[in-house]
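Here is the structure we will look at.
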Protein chains: 2
Amino acid sequence: MARTTGSDGEKTEAAIREAAINLIARFGYEAVSMRQLAAEVGVQAAALYRYFPNKEDLLFTLMREHMEGLQAAWIQVRPTGSDPRARLAAFVRNHIRFHVERRHSTHVSNMELRSLSHDNLTHILRLRTAYEKELRQILRDGADARAFVVDDIGLTAIAIIQMITGVIVWFRPDERLSVAEVAETYLAMTMRLTGAESPREVQHVHAHA
Amino acid sequence: MARTTGSDGEKTEAAIREAAINLIARFGYEAVSMRQLAAEVGVQAAALYRYFPNKEDLLFTLMREHMEGLQAAWIQVRPTGSDPRARLAAFVRNHIRFHVERRHSTHVSNMELRSLSHDNLTHILRLRTAYEKELRQILRDGADARAFVVDDIGLTAIAIIQMITGVIVWFRPDERLSVAEVAETYLAMTMRLTGAESPREVQHVHAHA
């Protein structure tokens with residue numbers, strides 16, 4: 001990818017990315033033209049092509065960087081210990097925090113797989129699989145250690161990811177709950193879903209059953 | 001809405017709906033033109049307008065009928081008894097079956113809220129709220145009866161709906177699992193998520209903890 005050095009070039013490139021994410025999230029990839037994007041950023045269409053050779057390259061870059069950023073964020077907070085409960089909690093908290101901060105980018109990443117060429121789609125799906133694999137490993141380790149009850153590792157990983165990604169559909173900052181509170185509520189649901197409540201919490205269920 | 005009587009008119013209208021759902025799911029609402037849709041169906045653009053006065057009316061009709069169909073399907077299978085576990089199970093099974101049979105329509109309904117005018121959006125959101133209310137009532141009754149453990153009724157309802165709707169993203173018929181098997185796996189996760197396992201299943205968790 002062409003990259004103009006210096007702060008003006010970097011600012012323009014960042015502005016293109018942000019405008020592209022917002023326009024695609026609002027209208028869909030197919031409906032957004034490079035001309036419209038250039039107008040939104042306030043540059044000539046020709047300038048756009050210095051940064052992104054074509055529209056699909058731009059989409060691919062946005063989706064690739066979203067997934068690479070998610071994986072990098074997870075690697076940074078991934079616990080070094082082996083406790084599956086602590087690892088699952090870290091995964092859920094990181095996933096929710098990352099996506100709430102990138103609502104439009106998440107929307108684009110989830111919707112526009114349909115718009116990628118075969119090779120680019122394969123690349124993005126490989127990044128997704130690598131990320132999901134992290135969660136599957138946590139679930140498998142938890143099931144092996146009898147800390148979790150998981151019927152189907154793959155389905156459970158997908159179900160958890162879709163449930164916790166769904167936060168972005170309805171959650172807005174400044175509403176009745178903070179990001180941290182929402183994350184803790186979803187974490188509690190995830191822990192129950194995987195049968196990973198602490199014994200005391202399970203006792204609590206019994207006491208009220 | 002104009003409706004031509006007789007089987008040719010009904011067939012044309014059904015063909016328009018199906019083509020519209022497929023095109024919008026593939027390219028997004030903004031990118032699909034009435035001209036393109038007419039060509040797909042094999043009619044003149046003028047014929048389209050006899051059925052749908054404009055493109056947004058068509059989108060609104062598709063989204064309204066999706067939600068009305070979902071609510072009607074649920075009313076038909078909704079248990080008459082008061083057992084929250086049986087009601088939750090019926091809700092999950094119906095929701096998954098309905099959406100798996102209407103993947104593209106579900107995709108359009110979830111994505112294109114952004115493309116509705118204010119009044120149409122309000123109408124669709126009201127239908128969604130009415131449907132979610134059915135699940136919230138089940139969760140509330142289950143929590144009141146100490147059958148479920150639910151921290152936040154609203155968040156739990158949204159989380160469950162997003163988790164079980166997510167089946168359409170990855171599930172394809174003829175893969176390793178049938179619709180019924182997928183529904184049962186998701187039902188088991190939902191039951192754990194709401195703390196609604198039978199005492200025997202909770203004992204099972206204890207025995208292995």
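In the structure tokens, each chain is lettered A, B, ... as it comes, each chain's residues begin at 1, and ligands are numbered from 1 in order of appearance.
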Write out as a ChimeraX atom specification the residues lying within 10 Å of Ala183 (chain A), counting only C-alpha atoms and excluding same-chain residues fewer than 2 positions away.
/A:89,92-97,164,167,177-181,185-189
List as JSON, numbers by chain the protein and nucleic acid residues near His104 (chain A), meaning an atom at most 7 Å away when only C-alpha atoms are counted, but skip any in the same chain fewer than 2 places from it.
{"A": [21, 22, 25, 102, 106, 107, 108]}
Could you save the residues just selected, with N, CA and C atoms, as an mmCIF file, in the first residue's frame?
```
data_model
loop_
_atom_site.group_PDB
_atom_site.id
_atom_site.type_symbol
_atom_site.label_atom_id
_atom_site.label_comp_id
_atom_site.auth_asym_id
_atom_site.auth_seq_id
_atom_site.Cartn_x
_atom_site.Cartn_y
_atom_site.Cartn_z
ATOM 1 N N ILE A 21 -14.962 4.028 6.839
ATOM 2 C CA ILE A 21 -15.686 3.186 7.802
ATOM 3 C C ILE A 21 -17.086 3.748 8.047
ATOM 4 N N ASN A 22 -17.165 5.068 8.230
ATOM 5 C CA ASN A 22 -18.462 5.674 8.522
ATOM 6 C C ASN A 22 -19.421 5.572 7.330
ATOM 7 N N ALA A 25 -20.424 1.849 6.772
ATOM 8 C CA ALA A 25 -21.351 1.412 7.827
ATOM 9 C C ALA A 25 -22.748 1.992 7.587
ATOM 10 N N ARG A 102 -15.164 0.490 18.619
ATOM 11 C CA ARG A 102 -15.082 0.453 17.146
ATOM 12 C C ARG A 102 -16.390 -0.045 16.558
ATOM 13 N N THR A 106 -16.717 -2.548 13.380
ATOM 14 C CA THR A 106 -17.251 -3.888 13.646
ATOM 15 C C THR A 106 -18.398 -4.195 12.701
ATOM 16 N N HIS A 107 -19.254 -3.200 12.524
ATOM 17 C CA HIS A 107 -20.392 -3.333 11.622
ATOM 18 C C HIS A 107 -19.893 -3.676 10.201
ATOM 19 N N VAL A 108 -18.910 -2.920 9.733
ATOM 20 C CA VAL A 108 -18.348 -3.156 8.398
ATOM 21 C C VAL A 108 -17.732 -4.552 8.315
#
```
From the options A:Leu127, A:Leu116, A:Ala90, A:Ala45, which residue's atoms come nearest to chain B, counting only C-alpha atoms?
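For chain B, the nearest of the given residues is A:Leu116.
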Counting only C-alpha atoms, a student should be able to say which residues of chain A come within 7 Å of chain B; what is the right answer, written as a ChimeraX atom specification?
/A:26-28,30-31,114,146-147,159,162-163,166,189-190,192-193,195,208-209
Those same residues, written as a compact mmCIF listing (two decimals), in the first residue's frame with N, CA and C atoms?
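Saved result, result-v7.txt, follows:
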```
# COMPACT_ATOMS: atom_id res chain seq x y z
N ARG A 26 -22.80 3.20 7.04
CA ARG A 26 -24.08 3.87 6.84
C ARG A 26 -24.80 3.42 5.58
N PHE A 27 -24.06 3.26 4.47
CA PHE A 27 -24.72 2.99 3.18
C PHE A 27 -24.42 1.61 2.62
N GLY A 28 -23.43 0.93 3.14
CA GLY A 28 -23.02 -0.35 2.56
C GLY A 28 -21.91 -0.13 1.54
N GLU A 30 -21.14 -1.40 -1.42
CA GLU A 30 -21.47 -1.29 -2.85
C GLU A 30 -21.95 0.11 -3.21
N ALA A 31 -22.63 0.77 -2.27
CA ALA A 31 -23.25 2.07 -2.57
C ALA A 31 -22.26 3.23 -2.43
N ARG A 114 -19.25 -10.27 2.35
CA ARG A 114 -19.90 -10.51 1.05
C ARG A 114 -19.25 -9.75 -0.10
N ARG A 146 -12.48 -29.90 33.74
CA ARG A 146 -13.80 -30.00 34.40
C ARG A 146 -14.22 -28.68 35.03
N ALA A 147 -13.63 -27.59 34.56
CA ALA A 147 -14.03 -26.26 35.05
C ALA A 147 -15.25 -25.77 34.28
N ALA A 159 -21.17 -19.03 19.52
CA ALA A 159 -22.31 -18.46 20.25
C ALA A 159 -21.84 -17.34 21.19
N GLN A 162 -20.78 -14.24 19.11
CA GLN A 162 -21.92 -13.49 18.58
C GLN A 162 -22.68 -12.77 19.69
N MET A 163 -22.82 -13.43 20.82
CA MET A 163 -23.51 -12.80 21.94
C MET A 163 -22.78 -11.54 22.40
N GLY A 166 -22.65 -8.63 19.93
CA GLY A 166 -23.97 -8.00 19.82
C GLY A 166 -24.12 -6.77 20.69
N MET A 189 -23.04 -13.88 32.21
CA MET A 189 -23.83 -14.76 31.34
C MET A 189 -22.93 -15.80 30.67
N THR A 190 -21.74 -15.35 30.21
CA THR A 190 -20.81 -16.28 29.57
C THR A 190 -20.37 -17.36 30.55
N ARG A 192 -21.98 -18.50 33.15
CA ARG A 192 -23.06 -19.47 33.35
C ARG A 192 -23.22 -20.37 32.13
N LEU A 193 -23.15 -19.74 30.93
CA LEU A 193 -23.31 -20.50 29.68
C LEU A 193 -22.30 -21.63 29.58
N GLY A 195 -21.00 -23.08 32.14
CA GLY A 195 -21.00 -23.87 33.37
C GLY A 195 -19.84 -23.53 34.28
N HIS A 208 -31.84 -21.27 45.81
CA HIS A 208 -33.06 -20.63 45.32
C HIS A 208 -33.90 -21.51 44.41
N ALA A 209 -33.40 -22.71 44.10
CA ALA A 209 -34.12 -23.54 43.12
C ALA A 209 -35.41 -24.10 43.72
```
Which distance in Å separates CA of Met34 (chain B) and CA of Lys55 (chain B), to one decimal?
6.6 Å
Residue contacts of Ser33 (chain A) (10 Å, only C-alpha atoms) excluding same-chain residues fewer than 5 positions away, as a ChimeraX atom specification:
/A:20,23-24,38-39,45,55
Those same residues - N, CA and C atoms - I'd like them written as an mmCIF file, in the first residue's frame.
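Generated file (part35.cif):
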```
data_model
loop_
_atom_site.group_PDB
_atom_site.id
_atom_site.type_symbol
_atom_site.label_atom_id
_atom_site.label_comp_id
_atom_site.auth_asym_id
_atom_site.auth_seq_id
_atom_site.Cartn_x
_atom_site.Cartn_y
_atom_site.Cartn_z
ATOM 1 N N ALA A 20 -14.208 6.311 5.373
ATOM 2 C CA ALA A 20 -14.630 5.092 4.674
ATOM 3 C C ALA A 20 -15.442 4.194 5.606
ATOM 4 N N LEU A 23 -18.906 5.848 6.128
ATOM 5 C CA LEU A 23 -19.761 5.784 4.935
ATOM 6 C C LEU A 23 -20.218 4.349 4.656
ATOM 7 N N ILE A 24 -19.302 3.397 4.763
ATOM 8 C CA ILE A 24 -19.669 2.003 4.461
ATOM 9 C C ILE A 24 -20.645 1.477 5.511
ATOM 10 N N ALA A 38 -13.827 10.668 -1.482
ATOM 11 C CA ALA A 38 -12.892 11.798 -1.645
ATOM 12 C C ALA A 38 -13.564 13.099 -1.235
ATOM 13 N N ALA A 39 -14.834 13.267 -1.653
ATOM 14 C CA ALA A 39 -15.585 14.483 -1.298
ATOM 15 C C ALA A 39 -15.740 14.592 0.213
ATOM 16 N N ALA A 45 -10.227 12.795 -5.920
ATOM 17 C CA ALA A 45 -10.281 11.332 -6.028
ATOM 18 C C ALA A 45 -8.886 10.757 -6.320
ATOM 19 N N LYS A 55 -11.069 0.428 -4.580
ATOM 20 C CA LYS A 55 -12.044 0.415 -3.486
ATOM 21 C C LYS A 55 -11.960 -0.876 -2.678
#
```
DSSP alpha helix (DSSP H) residues within chain A, listed as an MDAnalysis selection string
chainID A and resid 7:27 34:41 45:51 55:77 84:100 103:111 118:144 153:165 167:170 179:193 199:208
May I have the residues within 8 Å of Ala19 (chain A) as a PDB file with N, CA, C and O atoms, in the first residue's frame, using only C-alpha atoms and disregarding those fewer than 6 positions away in the same chain?
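Heads up, here's the output in around.pdb:
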```pdb
ATOM      1  N   LEU A  37     -16.263   9.270  -1.341  1.00  0.00           N
ATOM      2  CA  LEU A  37     -15.327   9.216  -0.219  1.00  0.00           C
ATOM      3  C   LEU A  37     -14.346  10.387  -0.270  1.00  0.00           C
ATOM      4  O   LEU A  37     -14.080  11.033   0.758  1.00  0.00           O
ATOM      5  N   GLU A  40     -16.009  13.465   0.849  1.00  0.00           N
ATOM      6  CA  GLU A  40     -16.204  13.445   2.300  1.00  0.00           C
ATOM      7  C   GLU A  40     -14.921  13.856   3.030  1.00  0.00           C
ATOM      8  O   GLU A  40     -14.966  14.581   4.025  1.00  0.00           O
ATOM      9  N   VAL A  41     -13.785  13.372   2.523  1.00  0.00           N
ATOM     10  CA  VAL A  41     -12.497  13.684   3.160  1.00  0.00           C
ATOM     11  C   VAL A  41     -12.030  15.092   2.776  1.00  0.00           C
ATOM     12  O   VAL A  41     -11.257  15.718   3.506  1.00  0.00           O
TER      13      VAL A  41
END
```
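We find CA of Arg85 (chain A) and CA of Ile138 (chain A) to be spaced 8.4 Å apart.
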Nearest residue to Val100 (chain A) from the set A:Arg140, A:Leu70, A:Pro53, A:Ala14 (distances using only C-alpha atoms)
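The answer is A:Leu70, which sits nearest to Val100 (chain A).
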I'd like the contact shell of Leu58 (chain B) - 10 Å cut-off, only C-alpha atoms, skipping same-chain residues fewer than 2 positions apart - returned as number ranges by chain.
B: 1, 16-17, 20-21, 34, 48-49, 51-56, 60-64
Suppose you want the space between CA of Glu132 (chain B) and CA of Arg103 (chain A); what is it in Å?
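That distance, rounded to one decimal, is 22.7 Å.
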